[in-house]
Amino acid sequence: THDARAGSPGGQVTIVAHRGASAYAPENTLPAVDEAARRGFSWVENDVQRTKDGELVVIHDDSLTRTTNAEKVFPGRAPWKVKDFTAAEIARLDAGSWFGPAYAGTRVPTLKEYLRRVEHNHEKLLLEIKSPELYPGIERETLKLLGNEGWLDRQHLGRLVVQSFSTDSLRIVHDLKPGLTTGYLGTPPAADLHTYAGFTDLINPSHKSVSRDYVTTVHSYKGPHGRPLGVFAWTVDDASTARNVAGYGVDGIITNRPDVVRKALSAS
Ligand code: G3P
Ligand code: CA
């Protein structure tokens with residue numbers, strides 16, 4: 001896999017294990033990180049939110065109900081929003097049983113635990129700041145933790161991308177740490193790409209909204225680090241879609257089934 005910072009058109013397609021290898025282990029957990037590594041994938045994606053007492057945790061939904069047993073452990077706490085629970089409360093939850101009995105007892109990881117596991121496995125991280133409008137200041141806090149854990153050191157920067165659906169959030173991240181690689185989740189109109197190129201290195205669209213023309217257009221802009229903007233498409237879980245979007249010239253594919261994508265691309 002090539003360095004995501006390069007975003008180089010025509011390079012090898014980077015495969016990113018979405019929420020970890022989330023077709024095979026519960027999403028956004030340490031087992032999902034391990035499962036990606038075990039299958040030989042170096043990039044994992046995750047989602048970062050914040051507890052009531054300010055701990056950064058890794059979970060996709062802004063409610064705990066789909067991926068934990070919060071309703072059972074804390075009856076009467078509807079609607080079970082992440083932001084209304086302390087880190088100690090969230091640490092009591094089971095974030096694995098919903099996926100399968102083999103994962104009973106798996107916890108919602110803190111971002112710190114998650115970063116350490118990714119580091120331990122020598123993996124690379126596509127970190128999404130999820131629903132930042134719910135968590136004012138989360139960008140600065142995330143960067144602070146990344147810095148404390150060594151992820152903002154020069155030699156680490158090529159292993160990290162911070163992405164968001166929020167342009168406000170990405171601008172904050174870029175202003176706080178201009179050397180960091182960033183990704184915008186969405187499909188900005190071509191006419192707006194010059195603005196995005198001021199603060200994002202990657203344009204990461206839904207695979208449903210991507211075309212060869214769009215990828216070519218995105219590649220024609222240079223991002224904040226002077227390299228062509230890259231394109232990572234999500235969430236591609238079947239072989240024919242993987243071959244199609246690779247044929248459009250995308251630089252990366254974000255997938256719950258990284259092995260399916262790898263096989264599709266190697267067979268093409
Ligand atoms: O990485 C792309 C993808 O994660 C964006 O959508 O809802 O899965 O966070 P979502
Ligand atoms: Ca995500």
# chains A, B, ... in the order shown; residues from 1 in each chain; ligands from 1

call {"tool": "closest_atom_pairs", "arguments": {"of": "chain A", "to": "ligand 2", "cutoff": "8 Å", "atoms": "only C-alpha atoms and all ligand atoms", "output": "JSON lines"}}
result
{"residue": "A:His18", "atom": "CA", "partner": "ligand 2", "partner_atom_place_in_ligand_line": "1 (Ca)", "distance": 7.1}
{"residue": "A:Arg19", "atom": "CA", "partner": "ligand 2", "partner_atom_place_in_ligand_line": "1 (Ca)", "distance": 6.7}
{"residue": "A:Glu45", "atom": "CA", "partner": "ligand 2", "partner_atom_place_in_ligand_line": "1 (Ca)", "distance": 6.6}
{"residue": "A:Asn46", "atom": "CA", "partner": "ligand 2", "partner_atom_place_in_ligand_line": "1 (Ca)", "distance": 5.7}
{"residue": "A:Asp47", "atom": "CA", "partner": "ligand 2", "partner_atom_place_in_ligand_line": "1 (Ca)", "distance": 5.1}
{"residue": "A:His60", "atom": "CA", "partner": "ligand 2", "partner_atom_place_in_ligand_line": "1 (Ca)", "distance": 6.6}
{"residue": "A:Leu127", "atom": "CA", "partner": "ligand 2", "partner_atom_place_in_ligand_line": "1 (Ca)", "distance": 7.8}
{"residue": "A:Glu128", "atom": "CA", "partner": "ligand 2", "partner_atom_place_in_ligand_line": "1 (Ca)", "distance": 5.5}
{"residue": "A:Lys130", "atom": "CA", "partner": "ligand 2", "partner_atom_place_in_ligand_line": "1 (Ca)", "distance": 7.0}

call {"tool": "write_last_selection", "arguments": {"atoms": "N, CA and C atoms", "output": "PDB file, in the first residue's frame"}}
result
ATOM      1  N   HIS A  18     -12.696  -0.710   7.573  1.00  0.00           N
ATOM      2  CA  HIS A  18     -13.686   0.226   8.108  1.00  0.00           C
ATOM      3  C   HIS A  18     -14.165  -0.182   9.502  1.00  0.00           C
ATOM      4  N   ARG A  19     -13.985   0.695  10.478  1.00  0.00           N
ATOM      5  CA  ARG A  19     -14.288   0.418  11.893  1.00  0.00           C
ATOM      6  C   ARG A  19     -13.496  -0.811  12.369  1.00  0.00           C
ATOM      7  N   GLU A  45      -9.914   2.184  10.104  1.00  0.00           N
ATOM      8  CA  GLU A  45     -10.695   3.412  10.288  1.00  0.00           C
ATOM      9  C   GLU A  45     -11.421   3.303  11.614  1.00  0.00           C
ATOM     10  N   ASN A  46     -11.624   4.437  12.296  1.00  0.00           N
ATOM     11  CA  ASN A  46     -12.447   4.411  13.506  1.00  0.00           C
ATOM     12  C   ASN A  46     -13.233   5.718  13.640  1.00  0.00           C
ATOM     13  N   ASP A  47     -14.079   5.772  14.657  1.00  0.00           N
ATOM     14  CA  ASP A  47     -14.937   6.940  14.916  1.00  0.00           C
ATOM     15  C   ASP A  47     -14.725   7.373  16.356  1.00  0.00           C
ATOM     16  N   HIS A  60     -19.251   4.427  16.864  1.00  0.00           N
ATOM     17  CA  HIS A  60     -19.804   5.087  15.678  1.00  0.00           C
ATOM     18  C   HIS A  60     -21.062   5.890  15.961  1.00  0.00           C
ATOM     19  N   LEU A 127      -8.643   8.244  11.265  1.00  0.00           N
ATOM     20  CA  LEU A 127      -9.433   8.584  12.459  1.00  0.00           C
ATOM     21  C   LEU A 127     -10.535   9.564  12.085  1.00  0.00           C
ATOM     22  N   GLU A 128     -11.783   9.177  12.300  1.00  0.00           N
ATOM     23  CA  GLU A 128     -12.900  10.093  12.025  1.00  0.00           C
ATOM     24  C   GLU A 128     -13.357  10.783  13.296  1.00  0.00           C
ATOM     25  N   LYS A 130     -16.288  12.076  14.797  1.00  0.00           N
ATOM     26  CA  LYS A 130     -17.698  11.806  14.485  1.00  0.00           C
ATOM     27  C   LYS A 130     -18.616  12.809  15.189  1.00  0.00           C
TER      28      LYS A 130
END

call {"tool": "closest_atom_pairs", "arguments": {"of": "chain A", "to": "ligand 1", "cutoff": "10 Å", "atoms": "only C-alpha atoms and all ligand atoms", "output": "tab-separated table"}}
result
residue	atom	partner	partner_atom_place_in_ligand_line	distance
A:Val16	CA	ligand 1	1 (O)	8.4
A:Ala17	CA	ligand 1	1 (O)	9.0
A:His18	CA	ligand 1	1 (O)	6.3
A:Arg19	CA	ligand 1	4 (O)	7.1
A:Val44	CA	ligand 1	1 (O)	9.4
A:Glu45	CA	ligand 1	1 (O)	6.2
A:Asn46	CA	ligand 1	4 (O)	7.2
A:Asp47	CA	ligand 1	9 (O)	6.5
A:Val48	CA	ligand 1	9 (O)	9.7
A:Ile59	CA	ligand 1	9 (O)	9.5
A:His60	CA	ligand 1	9 (O)	6.3
A:Asp61	CA	ligand 1	7 (O)	8.2
A:Leu126	CA	ligand 1	1 (O)	7.5
A:Leu127	CA	ligand 1	1 (O)	8.3
A:Glu128	CA	ligand 1	1 (O)	7.0
A:Ile129	CA	ligand 1	9 (O)	9.0
A:Lys130	CA	ligand 1	9 (O)	7.0
A:Ser131	CA	ligand 1	9 (O)	9.4
A:Gln163	CA	ligand 1	1 (O)	7.8
A:Ser164	CA	ligand 1	5 (C)	8.2
A:Phe165	CA	ligand 1	5 (C)	7.9
A:Gly183	CA	ligand 1	1 (O)	9.4
A:Tyr184	CA	ligand 1	2 (C)	9.5
A:Leu185	CA	ligand 1	5 (C)	6.6
A:Gly186	CA	ligand 1	5 (C)	8.7
A:Asn204	CA	ligand 1	2 (C)	7.2
A:Pro205	CA	ligand 1	2 (C)	8.0
A:Ser206	CA	ligand 1	2 (C)	7.7
A:Phe232	CA	ligand 1	1 (O)	8.3
A:Ala233	CA	ligand 1	2 (C)	7.5
A:Trp234	CA	ligand 1	2 (C)	5.3
A:Thr235	CA	ligand 1	3 (C)	6.4
A:Val236	CA	ligand 1	2 (C)	9.9
A:Ile253	CA	ligand 1	1 (O)	9.1
A:Ile254	CA	ligand 1	1 (O)	6.0
A:Thr255	CA	ligand 1	1 (O)	8.3
A:Asn256	CA	ligand 1	8 (O)	9.5

call {"tool": "residues_around", "arguments": {"residues": "Ala264 of chain A", "least_positions_apart": "4", "cutoff": "10 Å", "atoms": "only C-alpha atoms", "output": "ChimeraX atom specification"}}
result
/A:238-243,246,258-260,268

call {"tool": "write_last_selection", "arguments": {"atoms": "N, CA and C atoms", "output": "PDB file, in the first residue's frame"}}
result
ATOM      1  N   ASP A 238     -18.341  -5.288  -1.870  1.00  0.00           N
ATOM      2  CA  ASP A 238     -18.449  -6.391  -2.836  1.00  0.00           C
ATOM      3  C   ASP A 238     -17.438  -6.208  -3.962  1.00  0.00           C
ATOM      4  N   ALA A 239     -17.111  -7.337  -4.593  1.00  0.00           N
ATOM      5  CA  ALA A 239     -16.018  -7.370  -5.567  1.00  0.00           C
ATOM      6  C   ALA A 239     -16.289  -6.481  -6.777  1.00  0.00           C
ATOM      7  N   SER A 240     -17.520  -6.495  -7.288  1.00  0.00           N
ATOM      8  CA  SER A 240     -17.724  -5.746  -8.533  1.00  0.00           C
ATOM      9  C   SER A 240     -17.656  -4.240  -8.275  1.00  0.00           C
ATOM     10  N   THR A 241     -18.189  -3.791  -7.136  1.00  0.00           N
ATOM     11  CA  THR A 241     -18.070  -2.356  -6.819  1.00  0.00           C
ATOM     12  C   THR A 241     -16.607  -1.984  -6.603  1.00  0.00           C
ATOM     13  N   ALA A 242     -15.872  -2.881  -5.953  1.00  0.00           N
ATOM     14  CA  ALA A 242     -14.443  -2.602  -5.717  1.00  0.00           C
ATOM     15  C   ALA A 242     -13.708  -2.437  -7.049  1.00  0.00           C
ATOM     16  N   ARG A 243     -13.985  -3.330  -7.982  1.00  0.00           N
ATOM     17  CA  ARG A 243     -13.314  -3.222  -9.294  1.00  0.00           C
ATOM     18  C   ARG A 243     -13.730  -1.952 -10.012  1.00  0.00           C
ATOM     19  N   ALA A 246     -12.075   1.115  -8.281  1.00  0.00           N
ATOM     20  CA  ALA A 246     -10.630   1.086  -8.562  1.00  0.00           C
ATOM     21  C   ALA A 246     -10.389   1.533 -10.003  1.00  0.00           C
ATOM     22  N   PRO A 258     -12.185  -6.187   3.958  1.00  0.00           N
ATOM     23  CA  PRO A 258     -10.942  -5.883   3.240  1.00  0.00           C
ATOM     24  C   PRO A 258     -10.418  -7.051   2.403  1.00  0.00           C
ATOM     25  N   ASP A 259     -10.671  -8.275   2.866  1.00  0.00           N
ATOM     26  CA  ASP A 259     -10.169  -9.425   2.092  1.00  0.00           C
ATOM     27  C   ASP A 259     -10.911  -9.560   0.768  1.00  0.00           C
ATOM     28  N   VAL A 260     -12.217  -9.251   0.755  1.00  0.00           N
ATOM     29  CA  VAL A 260     -12.995  -9.297  -0.491  1.00  0.00           C
ATOM     30  C   VAL A 260     -12.448  -8.274  -1.483  1.00  0.00           C
ATOM     31  N   SER A 268      -8.063  -8.494 -10.854  1.00  0.00           N
ATOM     32  CA  SER A 268      -8.401  -7.647 -12.016  1.00  0.00           C
ATOM     33  C   SER A 268      -7.187  -7.348 -12.874  1.00  0.00           C
TER      34      SER A 268
END

call {"tool": "residues_around", "arguments": {"residues": "segment 197-203 of chain A", "least_positions_apart": "3", "cutoff": "7 Å", "atoms": "only C-alpha atoms", "output": "PDB file with C-alpha atoms, in the first residue's frame"}}
result
ATOM      1  CA  LEU A 170     -11.375  19.841   9.404  1.00  0.00           C
ATOM      2  CA  ARG A 171     -10.432  23.504   9.203  1.00  0.00           C
ATOM      3  CA  HIS A 174      -5.705  21.793   9.779  1.00  0.00           C
ATOM      4  CA  THR A 181      -3.069  14.738   6.561  1.00  0.00           C
ATOM      5  CA  THR A 182      -6.825  15.370   6.518  1.00  0.00           C
ATOM      6  CA  GLY A 183      -9.789  13.913   4.663  1.00  0.00           C
ATOM      7  CA  TYR A 184     -13.215  15.362   3.929  1.00  0.00           C
ATOM      8  CA  LEU A 185     -16.078  12.867   3.954  1.00  0.00           C
ATOM      9  CA  GLY A 186     -18.392  13.833   1.132  1.00  0.00           C
ATOM     10  CA  LEU A 193     -12.810  21.868  -4.741  1.00  0.00           C
ATOM     11  CA  HIS A 194     -10.354  24.767  -4.788  1.00  0.00           C
ATOM     12  CA  TYR A 221      -6.197  19.975  -7.511  1.00  0.00           C
ATOM     13  CA  LYS A 222      -3.247  20.238  -5.184  1.00  0.00           C
ATOM     14  CA  GLY A 223      -3.935  20.036  -1.467  1.00  0.00           C
ATOM     15  CA  PRO A 224      -2.445  22.006   1.422  1.00  0.00           C
ATOM     16  CA  LEU A 229      -5.804  15.611  -3.706  1.00  0.00           C
ATOM     17  CA  GLY A 230      -6.488  11.909  -3.131  1.00  0.00           C
ATOM     18  CA  VAL A 231      -9.790  10.017  -3.156  1.00  0.00           C
ATOM     19  CA  PHE A 232     -10.769   7.248  -0.711  1.00  0.00           C
TER      20      PHE A 232
END

call {"tool": "closest_residue", "arguments": {"among": "A:Ser63, A:Asn121, A:Thr68, A:Ser209", "to": "Trp80 of chain A", "atoms": "only C-alpha atoms"}}
result
A:Ser63

call {"tool": "residues_around", "arguments": {"residues": "Glu55 of chain A", "least_positions_apart": "3", "cutoff": "7 Å", "atoms": "only C-alpha atoms", "output": "PDB file with C-alpha atoms, in the first residue's frame"}}
result
ATOM      1  CA  ARG A  50     -16.584  12.102  23.853  1.00  0.00           C
ATOM      2  CA  THR A  51     -18.065  11.004  27.182  1.00  0.00           C
ATOM      3  CA  ALA A  87     -16.135   6.933  30.937  1.00  0.00           C
TER       4      ALA A  87
END

call {"tool": "select_by_dssp", "arguments": {"residues": "segment 69-109 of chain A", "states": "helix (DSSP H, G or I)", "output": "PyMOL selection string"}}
result
chain A and resi 70-73+82-84+87-90+101-103

call {"tool": "residues_around", "arguments": {"residues": "Ser22 of chain A", "least_positions_apart": "5", "cutoff": "9 Å", "atoms": "only C-alpha atoms", "output": "list of chain:residue names"}}
result
A:Ala17, A:Glu27, A:Asn28, A:Thr29, A:Ala32, A:Val33, A:Glu35, A:Ala36, A:Thr255, A:Asn256, A:Arg257

call {"tool": "write_last_selection", "arguments": {"atoms": "N, CA and C atoms", "output": "PDB file, in the first residue's frame"}}
result
ATOM      1  N   ALA A  17      -9.542  -0.905   6.517  1.00  0.00           N
ATOM      2  CA  ALA A  17     -10.521  -1.732   7.225  1.00  0.00           C
ATOM      3  C   ALA A  17     -11.450  -0.823   8.034  1.00  0.00           C
ATOM      4  N   GLU A  27     -17.394  -3.868  15.414  1.00  0.00           N
ATOM      5  CA  GLU A  27     -16.839  -2.606  14.927  1.00  0.00           C
ATOM      6  C   GLU A  27     -16.270  -1.743  16.043  1.00  0.00           C
ATOM      7  N   ASN A  28     -15.206  -1.016  15.702  1.00  0.00           N
ATOM      8  CA  ASN A  28     -14.623  -0.028  16.620  1.00  0.00           C
ATOM      9  C   ASN A  28     -14.197  -0.617  17.965  1.00  0.00           C
ATOM     10  N   THR A  29     -13.745  -1.875  17.953  1.00  0.00           N
ATOM     11  CA  THR A  29     -13.217  -2.482  19.184  1.00  0.00           C
ATOM     12  C   THR A  29     -11.779  -2.944  18.939  1.00  0.00           C
ATOM     13  N   ALA A  32     -11.452  -5.865  16.576  1.00  0.00           N
ATOM     14  CA  ALA A  32     -11.577  -5.499  15.154  1.00  0.00           C
ATOM     15  C   ALA A  32     -10.252  -4.958  14.611  1.00  0.00           C
ATOM     16  N   VAL A  33      -9.507  -4.258  15.463  1.00  0.00           N
ATOM     17  CA  VAL A  33      -8.168  -3.782  15.100  1.00  0.00           C
ATOM     18  C   VAL A  33      -7.233  -4.974  14.887  1.00  0.00           C
ATOM     19  N   GLU A  35      -8.089  -8.046  14.233  1.00  0.00           N
ATOM     20  CA  GLU A  35      -8.545  -8.868  13.099  1.00  0.00           C
ATOM     21  C   GLU A  35      -8.030  -8.294  11.778  1.00  0.00           C
ATOM     22  N   ALA A  36      -8.007  -6.977  11.655  1.00  0.00           N
ATOM     23  CA  ALA A  36      -7.449  -6.363  10.443  1.00  0.00           C
ATOM     24  C   ALA A  36      -5.979  -6.727  10.303  1.00  0.00           C
ATOM     25  N   THR A 255     -13.515  -0.303   3.562  1.00  0.00           N
ATOM     26  CA  THR A 255     -14.360  -1.486   3.438  1.00  0.00           C
ATOM     27  C   THR A 255     -14.482  -2.264   4.743  1.00  0.00           C
ATOM     28  N   ASN A 256     -15.677  -2.835   4.964  1.00  0.00           N
ATOM     29  CA  ASN A 256     -15.866  -3.750   6.088  1.00  0.00           C
ATOM     30  C   ASN A 256     -15.264  -5.126   5.787  1.00  0.00           C
ATOM     31  N   ARG A 257     -15.039  -5.387   4.505  1.00  0.00           N
ATOM     32  CA  ARG A 257     -14.558  -6.701   4.048  1.00  0.00           C
ATOM     33  C   ARG A 257     -13.266  -6.540   3.257  1.00  0.00           C
TER      34      ARG A 257
END

call {"tool": "decode", "arguments": {"residues": "segment 181-251 of chain A", "atoms": "C-alpha atoms", "output": "tab-separated table (two decimals), in the first residue's frame"}}
result
chain	number	residue	atom	x	y	z
A	181	THR	CA	-3.07	14.74	6.56
A	182	THR	CA	-6.82	15.37	6.52
A	183	GLY	CA	-9.79	13.91	4.66
A	184	TYR	CA	-13.21	15.36	3.93
A	185	LEU	CA	-16.08	12.87	3.95
A	186	GLY	CA	-18.39	13.83	1.13
A	187	THR	CA	-18.55	14.81	-2.51
A	188	PRO	CA	-18.08	18.55	-2.88
A	189	PRO	CA	-19.10	19.99	-6.25
A	190	ALA	CA	-16.14	20.44	-8.60
A	191	ALA	CA	-16.57	24.21	-8.43
A	192	ASP	CA	-15.86	24.13	-4.68
A	193	LEU	CA	-12.81	21.87	-4.74
A	194	HIS	CA	-10.35	24.77	-4.79
A	195	THR	CA	-11.70	25.82	-1.37
A	196	TYR	CA	-11.46	22.30	0.05
A	197	ALA	CA	-7.89	22.05	-1.25
A	198	GLY	CA	-6.99	24.71	1.30
A	199	PHE	CA	-7.54	22.41	4.26
A	200	THR	CA	-7.94	18.81	3.11
A	201	ASP	CA	-5.61	16.33	1.40
A	202	LEU	CA	-8.26	13.72	0.63
A	203	ILE	CA	-11.82	13.85	-0.67
A	204	ASN	CA	-13.57	10.72	0.60
A	205	PRO	CA	-16.92	10.18	-1.12
A	206	SER	CA	-19.55	7.50	-0.85
A	207	HIS	CA	-18.85	5.00	-3.63
A	208	LYS	CA	-22.37	5.76	-4.86
A	209	SER	CA	-21.44	9.32	-5.72
A	210	VAL	CA	-18.07	8.73	-7.36
A	211	SER	CA	-17.24	8.55	-11.07
A	212	ARG	CA	-14.12	8.46	-13.18
A	213	ASP	CA	-14.63	12.11	-14.14
A	214	TYR	CA	-15.01	13.17	-10.53
A	215	VAL	CA	-11.84	11.34	-9.45
A	216	THR	CA	-9.90	12.88	-12.33
A	217	THR	CA	-11.17	16.32	-11.38
A	218	VAL	CA	-10.26	15.87	-7.71
A	219	HIS	CA	-6.77	14.70	-8.71
A	220	SER	CA	-6.25	17.88	-10.72
A	221	TYR	CA	-6.20	19.97	-7.51
A	222	LYS	CA	-3.25	20.24	-5.18
A	223	GLY	CA	-3.94	20.04	-1.47
A	224	PRO	CA	-2.44	22.01	1.42
A	225	HIS	CA	0.82	20.06	1.18
A	226	GLY	CA	1.30	20.57	-2.54
A	227	ARG	CA	0.33	17.03	-3.50
A	228	PRO	CA	-2.64	16.11	-5.71
A	229	LEU	CA	-5.80	15.61	-3.71
A	230	GLY	CA	-6.49	11.91	-3.13
A	231	VAL	CA	-9.79	10.02	-3.16
A	232	PHE	CA	-10.77	7.25	-0.71
A	233	ALA	CA	-14.23	5.82	-1.45
A	234	TRP	CA	-16.51	4.17	1.14
A	235	THR	CA	-18.02	1.71	2.04
A	236	VAL	CA	-17.26	-0.89	-0.62
A	237	ASP	CA	-18.01	-4.47	0.41
A	238	ASP	CA	-18.45	-6.39	-2.84
A	239	ALA	CA	-16.02	-7.37	-5.57
A	240	SER	CA	-17.72	-5.75	-8.53
A	241	THR	CA	-18.07	-2.36	-6.82
A	242	ALA	CA	-14.44	-2.60	-5.72
A	243	ARG	CA	-13.31	-3.22	-9.29
A	244	ASN	CA	-15.49	-0.38	-10.57
A	245	VAL	CA	-14.23	2.25	-8.16
A	246	ALA	CA	-10.63	1.09	-8.56
A	247	GLY	CA	-11.18	1.52	-12.30
A	248	TYR	CA	-12.21	5.13	-11.67
A	249	GLY	CA	-8.73	5.72	-10.29
A	250	VAL	CA	-9.45	6.07	-6.56
A	251	ASP	CA	-6.44	6.02	-4.24
